[in-house]
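In what follows, a structure is listed as structure tokens, so that the remarks can point back to it.
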Amino acid sequence: MPKANKKKFSMKSVPIYAVLILASLLSLFPFYWMFVMATRPSEAYNSIPPAMIPGTKLVENFQNVLDQIPFFQAMWNTFLLCTITTLLVLLISTLAGFAFAKFHFPGKNVLFVSILLTMVIPPQLGLIPQYYLVSELGWLDTLFGAGIVYLLNPLGIFLMRQYVSQSVPDELIEAAKLDGCSNFRIYRSIVLPIIKPAFATLGIIVFTLVWGEFLWQFTVLRSPESYTLQVALASLNESYNMDFGMVLSGVFWATVPLIIIFLMFNKLFISSITEGSVK
Amino acid sequence: MELTRARAKDKAEPKKRKLSESKKDMLSGYLYVAPFFIIFGIIGLYPAIFSIYLAFQKWSGFGEMEYVGMQNFTLVLQDPLFWKSLYNTLIIGVMGTAPQLLVGIILAYFLNLAVIKFTNFFRVTIFMPYITSMVAVALVFGVFFSNNESALANYVIGWFGVDPINWKTSEWGAKIAISLMVFWRWVGYNTIIYLAGLQSIPKDLYEAAKIDGANGVQQFFHITIPLLKPFIVLTVFMSTVGALQLFAEPTVFLGGSAFNRDEAMTVVMYLYRDAFNLNSFGTASATAVLLLIIIVIIASINTWLTSGSKRRKKVRAKHAKG
């Protein structure tokens, strides 16, 4: 059967391959072109036909980026922001997910439904009061101020509740209780090890979200020392005399780490999307 | 030692122990969900309520607030720029998301065909745009679609005999460029979701349809699409909400002139400009409330439309099967 299928479809599937290859090329082209531009002098941009082959200005263009923005500082700020908020969201979500999955307490269902409602509130509704709050706390222009809003992640609780109730058997918890385990001990020594795979899913979701979010970081971070990558990159575009080679060099070097991480863990990335949204 | 004692106690007073156990669980339950709800209160609920309150005040961010009733709303609703930004948001939203969902379904359908090889390679490359940040996409597309005559986009449309366009400063140029970057970044994401949906459809349904003599196209419209509907509803909902909140792409694409031009100003940009460029927090909050209402209305209409046709299709599928 399968052999017959293969033969039968070899001609028919040509147009399908053509579509898929075209889609792949269009998906990859901006990445390639970003690299080409990052290696070319800005004047190359005015050449017709446009340059399609890498040039020799890779280092110079990046040097120009470093003259404009504190690139490595911004990279470090982004890394700190992403890592700390991701860890905190994991902690908050696993605790609450565990409680919602395994404990009975009055008002549990009401509380859980209210989490659903929090997902509907668009982040822009709270933008101004959040800004005011952060400025009252003296956290404007700091990573604390930038990070605090990402701690609110209802999706994380959904995922973790789901995962705990599916993969942690009630009997195991009962047995641990009979052995005199405290609830926190059960959380730490039984629940957390079992739900480790879910960390990757939620971790990737939160990390990429914080990495790429712009509106809030742009609102709160005002001075170059506290810039994250996104804000720093956006500021490259505001100068009057745009040096395209420089701008795309910045974009390229800011994207490379993410591409490497993605290619290493692409299965996890892709499954995090389906698990995060299709539940 | 402790173990045996606990067990002995358990035997001696089973009821009492149960009670204290469930009380302990109750306490732990509240304790463990508390961090989330404290955070929710501080950065979710309080700002949302404060925003609604602010919508009725006149406030520059400093000093006293002044109650002004509905004045902020009338100011916003009488401002042509608000309507322009709403128009822009809707146009870019439709142009950026509708084709994306359509192409996403087609790509997912192809990737799910048993005869296609290298599906993992295609999946990874088609998904890759999603991992770039919105800012990065906007900057790269900003160079594609610059106002220069030699911009790549102008070079490409030149093949078709179209004159160069000032992408960043023309009414449709800016909208098309922004829609394209939204399309490029999200099409793979939706493909992945649709692919998960397709993979959840049992294969024997297709087998049964084949036996009944249904061809590929009939199978697609009577099995694939109806069973994919929950995923379509989900992506339509997410795309709608996302499109109405568009901010990063136009702001970064237009750079320094983003808030001085109106070709691509979105509602969130209008809100941002009111608050942080003009220090008018009252009208900005009124805009935020209006945006919430618009999102709720449009998202419900879209969800109703897509899930409504699901019911009709399901009935039709049942008839077809029967």
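Each chain in the structure tokens gets a letter, A, B, ..., in the order shown, and its residues are numbered from 1; ligands are numbered from 1 in order too.
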
Using only C-alpha atoms, which chain A residues lie at most 6 Å away from chain B, written as a PDB file with C-alpha atoms, in the first residue's frame?
ATOM      1  CA  SER A  24      10.105  28.396   2.980  1.00  0.00           C
ATOM      2  CA  SER A  27      10.122  32.838   5.221  1.00  0.00           C
ATOM      3  CA  ASN A  46      21.143  52.470  -3.600  1.00  0.00           C
ATOM      4  CA  LEU A  95       2.178  26.802  42.860  1.00  0.00           C
ATOM      5  CA  ALA A  96      -1.237  27.995  41.745  1.00  0.00           C
ATOM      6  CA  ALA A  99      -3.407  24.204  44.207  1.00  0.00           C
ATOM      7  CA  PHE A 103      -6.673  21.027  46.674  1.00  0.00           C
ATOM      8  CA  PHE A 105     -11.057  25.034  49.008  1.00  0.00           C
ATOM      9  CA  LEU A 125      -6.371  49.105  29.296  1.00  0.00           C
ATOM     10  CA  GLY A 126      -4.022  49.093  32.241  1.00  0.00           C
ATOM     11  CA  PRO A 129      -2.220  53.210  35.650  1.00  0.00           C
ATOM     12  CA  GLN A 130       0.591  50.673  35.420  1.00  0.00           C
ATOM     13  CA  ASP A 179       3.986   9.544  55.300  1.00  0.00           C
ATOM     14  CA  GLY A 212       9.845  40.455  21.953  1.00  0.00           C
ATOM     15  CA  ALA A 234      13.856  50.725  17.764  1.00  0.00           C
ATOM     16  CA  ASN A 237      15.463  53.904  13.460  1.00  0.00           C
ATOM     17  CA  GLU A 238      14.975  57.372  14.828  1.00  0.00           C
ATOM     18  CA  VAL A 251      18.878  43.572  14.033  1.00  0.00           C
ATOM     19  CA  THR A 274       0.356  24.084  20.155  1.00  0.00           C
TER      20      THR A 274
END

Using DSSP assignments from the backbone, pull out every residue in stretch 17-216 of chain B that falls under alpha helix (DSSP H) and give it to me as a PDB file with C-alpha atoms, in the first residue's frame.
ATOM      1  CA  ARG B  17      -7.355  13.872  61.344  1.00  0.00           C
ATOM      2  CA  LYS B  18      -9.333  14.110  58.133  1.00  0.00           C
ATOM      3  CA  LEU B  19     -10.781  17.396  59.234  1.00  0.00           C
ATOM      4  CA  SER B  20      -7.469  18.971  60.099  1.00  0.00           C
ATOM      5  CA  GLU B  21      -6.008  17.571  56.907  1.00  0.00           C
ATOM      6  CA  SER B  22      -8.654  19.185  54.771  1.00  0.00           C
ATOM      7  CA  LYS B  23      -8.224  22.432  56.691  1.00  0.00           C
ATOM      8  CA  LYS B  24      -4.515  22.274  55.999  1.00  0.00           C
ATOM      9  CA  ASP B  25      -5.228  21.684  52.335  1.00  0.00           C
ATOM     10  CA  MET B  26      -7.582  24.623  52.290  1.00  0.00           C
ATOM     11  CA  LEU B  27      -4.956  26.845  53.811  1.00  0.00           C
ATOM     12  CA  SER B  28      -2.302  25.600  51.374  1.00  0.00           C
ATOM     13  CA  GLY B  29      -4.716  26.115  48.520  1.00  0.00           C
ATOM     14  CA  TYR B  30      -5.272  29.755  49.371  1.00  0.00           C
ATOM     15  CA  LEU B  31      -1.614  30.269  50.124  1.00  0.00           C
ATOM     16  CA  TYR B  32      -0.463  28.849  46.787  1.00  0.00           C
ATOM     17  CA  VAL B  33      -2.862  30.799  44.617  1.00  0.00           C
ATOM     18  CA  ALA B  34      -2.215  33.972  46.617  1.00  0.00           C
ATOM     19  CA  PRO B  35       0.927  35.113  44.717  1.00  0.00           C
ATOM     20  CA  PHE B  36      -0.960  35.107  41.456  1.00  0.00           C
ATOM     21  CA  PHE B  37      -3.951  36.961  42.820  1.00  0.00           C
ATOM     22  CA  ILE B  38      -1.821  39.533  44.632  1.00  0.00           C
ATOM     23  CA  ILE B  39      -0.021  40.245  41.359  1.00  0.00           C
ATOM     24  CA  PHE B  40      -3.296  40.231  39.508  1.00  0.00           C
ATOM     25  CA  TYR B  46      -6.364  47.840  39.980  1.00  0.00           C
ATOM     26  CA  PRO B  47      -5.022  49.355  36.742  1.00  0.00           C
ATOM     27  CA  ALA B  48      -8.122  48.244  34.840  1.00  0.00           C
ATOM     28  CA  ILE B  49     -10.469  49.872  37.366  1.00  0.00           C
ATOM     29  CA  PHE B  50      -8.259  52.937  37.708  1.00  0.00           C
ATOM     30  CA  SER B  51      -8.275  53.275  33.928  1.00  0.00           C
ATOM     31  CA  ILE B  52     -12.047  53.319  33.817  1.00  0.00           C
ATOM     32  CA  TYR B  53     -12.061  55.885  36.637  1.00  0.00           C
ATOM     33  CA  LEU B  54      -9.475  58.006  34.839  1.00  0.00           C
ATOM     34  CA  GLN B  71     -16.176  64.941  28.185  1.00  0.00           C
ATOM     35  CA  ASN B  72     -13.155  62.729  27.461  1.00  0.00           C
ATOM     36  CA  PHE B  73     -15.290  60.361  25.452  1.00  0.00           C
ATOM     37  CA  THR B  74     -16.883  63.154  23.427  1.00  0.00           C
ATOM     38  CA  LEU B  75     -13.441  64.674  22.821  1.00  0.00           C
ATOM     39  CA  VAL B  76     -12.086  61.379  21.527  1.00  0.00           C
ATOM     40  CA  LEU B  77     -15.177  60.515  19.527  1.00  0.00           C
ATOM     41  CA  PRO B  80     -11.121  62.804  13.307  1.00  0.00           C
ATOM     42  CA  LEU B  81      -7.724  61.346  14.127  1.00  0.00           C
ATOM     43  CA  PHE B  82      -9.335  58.761  16.427  1.00  0.00           C
ATOM     44  CA  TRP B  83     -11.596  57.609  13.607  1.00  0.00           C
ATOM     45  CA  LYS B  84      -8.671  57.633  11.206  1.00  0.00           C
ATOM     46  CA  SER B  85      -6.676  55.459  13.573  1.00  0.00           C
ATOM     47  CA  LEU B  86      -9.608  53.090  14.032  1.00  0.00           C
ATOM     48  CA  TYR B  87     -10.003  52.899  10.252  1.00  0.00           C
ATOM     49  CA  ASN B  88      -6.285  52.206   9.842  1.00  0.00           C
ATOM     50  CA  THR B  89      -6.370  49.523  12.525  1.00  0.00           C
ATOM     51  CA  LEU B  90      -9.288  47.746  10.898  1.00  0.00           C
ATOM     52  CA  ILE B  91      -7.851  47.922   7.375  1.00  0.00           C
ATOM     53  CA  ILE B  92      -4.409  46.703   8.456  1.00  0.00           C
ATOM     54  CA  GLY B  93      -6.079  44.102  10.655  1.00  0.00           C
ATOM     55  CA  VAL B  94      -8.100  42.644   7.800  1.00  0.00           C
ATOM     56  CA  MET B  95      -5.252  42.821   5.268  1.00  0.00           C
ATOM     57  CA  GLY B  96      -2.747  41.394   7.702  1.00  0.00           C
ATOM     58  CA  THR B  97      -4.750  38.553   9.210  1.00  0.00           C
ATOM     59  CA  ALA B  98      -7.362  37.260   6.747  1.00  0.00           C
ATOM     60  CA  PRO B  99      -4.856  36.123   4.080  1.00  0.00           C
ATOM     61  CA  GLN B 100      -2.645  34.785   6.836  1.00  0.00           C
ATOM     62  CA  LEU B 101      -5.330  32.418   8.128  1.00  0.00           C
ATOM     63  CA  LEU B 102      -6.192  31.265   4.624  1.00  0.00           C
ATOM     64  CA  VAL B 103      -2.575  30.597   3.663  1.00  0.00           C
ATOM     65  CA  GLY B 104      -2.015  28.987   7.060  1.00  0.00           C
ATOM     66  CA  ILE B 105      -4.754  26.434   6.429  1.00  0.00           C
ATOM     67  CA  ILE B 106      -3.421  25.620   2.959  1.00  0.00           C
ATOM     68  CA  LEU B 107       0.159  25.206   4.166  1.00  0.00           C
ATOM     69  CA  ALA B 108      -0.953  23.064   7.095  1.00  0.00           C
ATOM     70  CA  TYR B 109      -3.053  20.922   4.781  1.00  0.00           C
ATOM     71  CA  PHE B 110      -0.056  20.352   2.521  1.00  0.00           C
ATOM     72  CA  LEU B 111       2.238  19.610   5.436  1.00  0.00           C
ATOM     73  CA  THR B 119       7.797  18.099   6.552  1.00  0.00           C
ATOM     74  CA  ASN B 120       9.913  18.864   9.586  1.00  0.00           C
ATOM     75  CA  PHE B 121      12.233  21.037   7.528  1.00  0.00           C
ATOM     76  CA  PHE B 122       9.309  22.958   6.050  1.00  0.00           C
ATOM     77  CA  ARG B 123       7.662  23.285   9.452  1.00  0.00           C
ATOM     78  CA  VAL B 124      10.790  24.778  10.978  1.00  0.00           C
ATOM     79  CA  THR B 125      11.465  27.236   8.146  1.00  0.00           C
ATOM     80  CA  ILE B 126       7.860  28.376   7.852  1.00  0.00           C
ATOM     81  CA  PHE B 127       7.653  28.848  11.608  1.00  0.00           C
ATOM     82  CA  MET B 134       8.127  42.569  16.104  1.00  0.00           C
ATOM     83  CA  VAL B 135      10.747  45.317  16.293  1.00  0.00           C
ATOM     84  CA  ALA B 136      13.224  43.303  14.231  1.00  0.00           C
ATOM     85  CA  VAL B 137      10.573  42.540  11.625  1.00  0.00           C
ATOM     86  CA  ALA B 138       9.524  46.176  11.444  1.00  0.00           C
ATOM     87  CA  LEU B 139      13.129  47.306  10.937  1.00  0.00           C
ATOM     88  CA  VAL B 140      13.888  44.762   8.223  1.00  0.00           C
ATOM     89  CA  PHE B 141      10.661  45.536   6.421  1.00  0.00           C
ATOM     90  CA  GLY B 142      11.387  49.208   6.972  1.00  0.00           C
ATOM     91  CA  VAL B 143      14.424  48.764   4.738  1.00  0.00           C
ATOM     92  CA  PHE B 144      12.525  46.643   2.202  1.00  0.00           C
ATOM     93  CA  LEU B 152      13.788  46.264  -2.686  1.00  0.00           C
ATOM     94  CA  ALA B 153       9.986  46.513  -2.721  1.00  0.00           C
ATOM     95  CA  ASN B 154      10.136  49.187  -5.414  1.00  0.00           C
ATOM     96  CA  TYR B 155      12.570  47.057  -7.399  1.00  0.00           C
ATOM     97  CA  VAL B 156      10.193  44.095  -7.233  1.00  0.00           C
ATOM     98  CA  ILE B 157       7.081  46.052  -8.235  1.00  0.00           C
ATOM     99  CA  GLY B 158       9.196  47.517 -11.044  1.00  0.00           C
ATOM    100  CA  TRP B 159       9.206  44.064 -12.650  1.00  0.00           C
ATOM    101  CA  GLU B 171      -1.837  56.126   2.530  1.00  0.00           C
ATOM    102  CA  TRP B 172      -1.850  52.608   1.088  1.00  0.00           C
ATOM    103  CA  GLY B 173       1.894  52.066   0.907  1.00  0.00           C
ATOM    104  CA  ALA B 174       2.280  52.185   4.678  1.00  0.00           C
ATOM    105  CA  LYS B 175      -0.744  49.989   5.254  1.00  0.00           C
ATOM    106  CA  ILE B 176       0.359  47.359   2.747  1.00  0.00           C
ATOM    107  CA  ALA B 177       3.897  47.252   4.130  1.00  0.00           C
ATOM    108  CA  ILE B 178       2.651  46.850   7.708  1.00  0.00           C
ATOM    109  CA  SER B 179       0.086  44.229   6.721  1.00  0.00           C
ATOM    110  CA  LEU B 180       2.803  42.281   4.942  1.00  0.00           C
ATOM    111  CA  MET B 181       5.069  42.264   7.970  1.00  0.00           C
ATOM    112  CA  VAL B 182       2.212  41.082  10.169  1.00  0.00           C
ATOM    113  CA  PHE B 183       1.444  38.405   7.579  1.00  0.00           C
ATOM    114  CA  TRP B 184       5.061  37.286   7.319  1.00  0.00           C
ATOM    115  CA  ARG B 185       5.598  36.991  11.049  1.00  0.00           C
ATOM    116  CA  TRP B 186       2.377  35.141  11.931  1.00  0.00           C
ATOM    117  CA  VAL B 187       1.576  32.871   9.020  1.00  0.00           C
ATOM    118  CA  GLY B 188       3.833  30.090  10.308  1.00  0.00           C
ATOM    119  CA  TYR B 189       2.418  30.354  13.803  1.00  0.00           C
ATOM    120  CA  ASN B 190      -1.096  29.763  12.493  1.00  0.00           C
ATOM    121  CA  THR B 191       0.131  26.992  10.223  1.00  0.00           C
ATOM    122  CA  ILE B 192       1.467  25.170  13.277  1.00  0.00           C
ATOM    123  CA  ILE B 193      -1.844  25.515  15.101  1.00  0.00           C
ATOM    124  CA  TYR B 194      -3.806  24.296  12.076  1.00  0.00           C
ATOM    125  CA  LEU B 195      -1.372  21.430  11.648  1.00  0.00           C
ATOM    126  CA  ALA B 196      -2.016  20.354  15.234  1.00  0.00           C
ATOM    127  CA  GLY B 197      -5.713  20.535  14.426  1.00  0.00           C
ATOM    128  CA  LEU B 198      -5.357  18.457  11.285  1.00  0.00           C
ATOM    129  CA  GLN B 199      -3.349  15.849  13.126  1.00  0.00           C
ATOM    130  CA  LYS B 203      -7.562   9.075   9.724  1.00  0.00           C
ATOM    131  CA  ASP B 204     -10.390   6.548   9.471  1.00  0.00           C
ATOM    132  CA  LEU B 205     -12.838   9.380   8.779  1.00  0.00           C
ATOM    133  CA  TYR B 206     -11.018   9.981   5.501  1.00  0.00           C
ATOM    134  CA  GLU B 207     -10.906   6.267   4.811  1.00  0.00           C
ATOM    135  CA  ALA B 208     -14.650   6.019   5.330  1.00  0.00           C
ATOM    136  CA  ALA B 209     -15.252   9.021   3.063  1.00  0.00           C
ATOM    137  CA  LYS B 210     -13.036   7.492   0.394  1.00  0.00           C
ATOM    138  CA  ILE B 211     -15.063   4.290   0.521  1.00  0.00           C
ATOM    139  CA  GLY B 216     -10.182  15.155  -2.170  1.00  0.00           C
TER     140      GLY B 216
END

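Of note, atom CA of A:Ile270 and atom CA of A:Ile84 are spaced 22.8 Å apart.
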
Distance in Å - atom CA of B:Ile294 versus atom CA of B:Ala55: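 Taking atom CA of B:Ile294 as the start and atom CA of B:Ala55 as the end point, the length is 15.7 Å.
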
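Taking only C-alpha atoms, the non-local environment of stretch 192-198 of chain A within 7 Å (same-chain residues fewer than 4 positions away omitted) comprises Tyr163, Val164, Val168, Tyr187, Arg188 and Leu202 of chain A.
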
Deliver the residues from the most recent selection as a file, using N, CA and C atoms, as an mmCIF file, in the first residue's frame.
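Below is the file selection.cif, written as the result:
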data_model
loop_
_atom_site.group_PDB
_atom_site.id
_atom_site.type_symbol
_atom_site.label_atom_id
_atom_site.label_comp_id
_atom_site.auth_asym_id
_atom_site.auth_seq_id
_atom_site.Cartn_x
_atom_site.Cartn_y
_atom_site.Cartn_z
ATOM 1 N N TYR A 163 -1.445 20.232 33.491
ATOM 2 C CA TYR A 163 -0.349 19.270 33.534
ATOM 3 C C TYR A 163 -0.326 18.521 34.856
ATOM 4 N N VAL A 164 -0.542 19.242 35.955
ATOM 5 C CA VAL A 164 -0.520 18.589 37.263
ATOM 6 C C VAL A 164 -1.657 17.580 37.352
ATOM 7 N N VAL A 168 0.145 14.021 37.750
ATOM 8 C CA VAL A 168 0.437 13.701 39.147
ATOM 9 C C VAL A 168 -0.757 12.930 39.716
ATOM 10 N N TYR A 187 4.880 19.554 47.001
ATOM 11 C CA TYR A 187 5.089 20.413 45.841
ATOM 12 C C TYR A 187 6.529 20.311 45.348
ATOM 13 N N ARG A 188 7.453 20.408 46.317
ATOM 14 C CA ARG A 188 8.861 20.487 45.928
ATOM 15 C C ARG A 188 9.416 19.143 45.477
ATOM 16 N N LEU A 202 6.125 26.244 29.110
ATOM 17 C CA LEU A 202 5.779 27.564 29.626
ATOM 18 C C LEU A 202 6.987 28.501 29.588
#

Point-to-point distance in Å for atom CA of A:Val36 and atom CA of A:Pro49: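 Atom CA of A:Pro49 sits 13.9 Å away from atom CA of A:Val36.
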